[in-house]
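Colleague: Handing you this structure, nothing more for now.
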There are 2 protein chains.
Amino acid sequence: MEKQDLLVRTAFTLFYSRGIHAVGVNLVLAESGVAKKTLYHHFPSKEHLIEATIRYRDHRYRAWLASRLTQVPAGKAPLLEIFNALDDWFNNRVPDLDRFHGCFFINASAEFSDREHAIHQACAEHKTAIAELIRSYVDNLALPDDRAEAITRLIVLLKEGATSMAHVQGHLDAALQAKALLDNALSTEGFVGPGLQGPERNDRML
Amino acid sequence: MEKQDLLVRTAFTLFYSRGIHAVGVNLVLAESGVAKKTLYHHFPSKEHLIEATIRYRDHRYRAWLASRLTQVPAGKAPLLEIFNALDDWFNNRVPDLDRFHGCFFINASAEFSDREHAIHQACAEHKTAIAELIRSYVDNLALPDDRAEAITRLIVLLKEGATSMAHVQGHLDAALQAKALLDNALSTEGFVGPGLQGPERNDRML
DNA sequence: CTCTAAGTAGACAGGTCGGTCTACTTAGAG
DNA sequence: CTCTAAGTAGACCGACCTGTCTACTTAGAG
C-alpha cells in the first residue's frame, strides 16, 4: 500500500478511537511504521493529515451507506434501510467502518468547535452530502418539494440523534427506535399525504 | 468568589469553546488569575478539574431546563417547551449557558471515547438524569408504562439530534423542527392513544 | 500574638508536542 | 549508468504539557 494511504488509514483509526488532539504524529508514525520525513513529504502539517482523514472517512462512509440503499426495492424501503444500516454500524457488524465510536464528524466538530474552521466545515459538508443522498431517495416518492425537504431533514435529525445516543448513552437500539418513528411519520397524513402504505407491522416499537 | 468555583467556571468556558485536550491548565490559570499551587490544592489533577466542570455544567443545565418546564401548564406543554428552550439555547438567548458550542457532554464523550472512562460515564449519567426529568413530565400524561418510556426516549432522540445538527451543520432551527415532529407524534393514535388534542396549528413545519 | 489554612509568583523537572534536518538507501525511468 | 523521487532512522529544536516545589503573603480563629 502507498505510504500516503497507510498514514491516512492509521491516523483515522487512532483519531477516531482516541480523539484527534489526544493523538500525536509520533504515535501515527509508530503505529504505521512510516518515517517522519515521509509524513511531512506528503502532508505539510498535522492539520492537512487531519483533513485527509476527514475526506477518507467521508468517502468510505458515503460509499457504505449508498451501497446499502441500492440493495432494497425503491420507494419507502431505502429510507427505512438507512436505520437498519445504522443498527449494523452501532453493533459493530460493519468491519469496514471500524469499531463504533460515534460519528467521526460530530467528534471532530467537537474538537474544532469554531464553525469557520476548515475541519469543522469539512464535517458540515459531509453531513450535507449525506442529506443530499437521502434527498435523492426521498425524491423518488414524488412529493411536493417542501414536503420532500422536510422529510429529508427529519431523517437527518433522527440519524444524528440515534448516533449520538448510541455513542454517549450506549443505547445501541437507538437506530431501530428511530426507524419505527420514521415509519410512523411516513404513514401519517400530515407528513407525506395519503397513498402510501401503513407502517411495517413487525417494526412497531412505539 | 471562591477560587475553587472560579477555576471550575473558567475551565468550563475554555473547555466548552475550545475542547478539553486543547486547553492546558496554564491557560485556565492565566484566564482565572489563580496560582498553580491553588489549583493543585483543590484538585489533585487536571482530570479531577475536568470532572468538576462536568458536574458544574450538569447542575447548571438541569436547573435551567427544569426551570423552563415549570413555567408552562401541565400536560403536553412542558414536553413541547423543551424544544422552545433548546431553540433559545441554540440561538444564544440563554446567557447562563454560555455561547452555544453544541452539547458539552457529547463533546466531552467524543474526547473520552472509552465508555468505561469516568468522564464518559459522567456524561452518560447527565443524559440519564435529563431523561428522568423528561420522564417525570411524560408520566403526567398517565399513559401505560411502556408507552411513557417510548415517548421519553423519542424526546431524548429528538433533543440529541437537534443539538447535534445545530452544532455541526448550523441548522439553528432544528429545535423547532423537532418540536413540530414531536407535536405530530403526540397527536397520532399509535403513539399516545386517543384523547389528546391535535397539533398546535401554528407550529406545523412538516 | 500566634498559629494555620489558603493564597501569591514563578522556577523547575521530565516528558511530549509539531516540525525540521542530515545522512543514507532504495527502485524505477530515461 | 545516471538521475530523481520516495523512502529510511533518528537527532534535534523551541514550545508547551502536567505536576512539584520553594519562598513568601495574607486573613481569620483561638
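Identifiers in the C-alpha cells: chain A, B, ... in order shown; residue index from 1 per chain; ligand index from 1 in order shown.
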For the contact check between chain B and chain A, emit one row per residue of chain B within 6 Å, containing the shortest atom pair and the distance in Å rounded to one decimal, counting only C-alpha atoms, chain then rising number order, as a tab-separated table.

Modeller:
residue	atom	partner	partner_atom	distance
B:Gly19	CA	A:Glu111	CA	5.2
B:Asn107	CA	A:Ala110	CA	4.9
B:Ala110	CA	A:Asn107	CA	4.9
B:Glu111	CA	A:Gly19	CA	5.2
B:Ala124	CA	A:Gln169	CA	4.9
B:Ala150	CA	A:Leu206	CA	5.7
B:Leu157	CA	A:Gly161	CA	4.9
B:Glu160	CA	A:Gly161	CA	4.7
B:Gly161	CA	A:Gly161	CA	3.4
B:Val168	CA	A:Ala124	CA	5.7
B:Gln169	CA	A:Ala124	CA	4.9
B:Leu206	CA	A:Ala150	CA	5.6

Colleague: Would you export the selected residues with C-alpha atoms as a compact mmCIF listing (two decimals), in the first residue's frame, please?

Modeller:
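See result25.txt below for the written result:
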# COMPACT_ATOMS: atom_id res chain seq x y z
CA GLY B 19 -12.13 21.47 23.58
CA ASN B 107 -18.25 16.93 23.05
CA ALA B 110 -16.00 12.49 21.84
CA GLU B 111 -12.70 13.28 23.55
CA ALA B 124 -23.91 9.35 30.21
CA ALA B 150 -41.07 5.06 24.43
CA LEU B 157 -33.69 11.17 20.46
CA GLU B 160 -29.88 14.87 20.76
CA GLY B 161 -30.47 15.05 17.03
CA VAL B 168 -22.26 20.60 13.25
CA GLN B 169 -24.42 21.82 10.39
CA LEU B 206 -43.79 19.45 8.14

Colleague: DSSP on the backbone, then: every residue of range 130-163 of chain A marked alpha helix (DSSP H), written as a list of chain:residue names.

Modeller: A:Ile130, A:Ala131, A:Glu132, A:Leu133, A:Ile134, A:Arg135, A:Ser136, A:Tyr137, A:Val138, A:Asp145, A:Asp146, A:Arg147, A:Ala148, A:Glu149, A:Ala150, A:Ile151, A:Thr152, A:Arg153, A:Leu154, A:Ile155, A:Val156, A:Leu157, A:Leu158, A:Lys159, A:Glu160, A:Gly161, A:Ala162, A:Thr163

Colleague: For chain B against chain C, with a cut-off of 10 Å and counting only C-alpha atoms (C1' of nucleotides), what is the closest atom pair and its distance in Å to one decimal for every residue that makes the cut, ordered by chain and number, as a tab-separated table?

Modeller:
residue	atom	partner	partner_atom	distance
B:Lys3	CA	C:DG7	C1'	9.3
B:Val34	CA	C:DT8	C1'	8.6
B:Ala35	CA	C:DT8	C1'	6.7
B:Lys36	CA	C:DA9	C1'	9.3
B:Lys37	CA	C:DG7	C1'	8.8
B:Thr38	CA	C:DG7	C1'	7.1
B:His41	CA	C:DA6	C1'	8.9

Colleague: Would you write out those residues with C-alpha atoms, as a compact mmCIF listing (two decimals), in the first residue's frame?

Modeller:
# COMPACT_ATOMS: atom_id res chain seq x y z
CA LYS B 3 -11.09 30.18 43.99
CA VAL B 34 -5.30 31.94 40.07
CA ALA B 35 -1.94 30.48 41.09
CA LYS B 36 -0.98 26.99 40.01
CA LYS B 37 -0.44 25.87 43.58
CA THR B 38 -4.03 26.82 44.39
CA HIS B 41 -4.51 22.40 46.29

Colleague: Please provide the set of residues having any atom within 9 Å of Glu51 in chain A, restricted to only C-alpha atoms (C1' of nucleotides), with same-chain residues fewer than 3 positions apart removed, written as a ChimeraX atom specification.

Modeller: /A:46-48,54-56,118-119,122

Colleague: With 8 Å as the limit and counting only C-alpha atoms (C1' of nucleotides), what residues in chain D lie close to chain A? Please list them as a list in words.

Modeller: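 Output check: DA6, DG7, DT8 and DA9 of chain D.
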
Colleague: Mind giving me the straight-line distance from CA of Val8 in chain B to CA of Ile50 in chain B in Å, one decimal?

Modeller: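 Taking CA of Val8 in chain B as the start and CA of Ile50 in chain B as the end point, the length is 8.2 Å.
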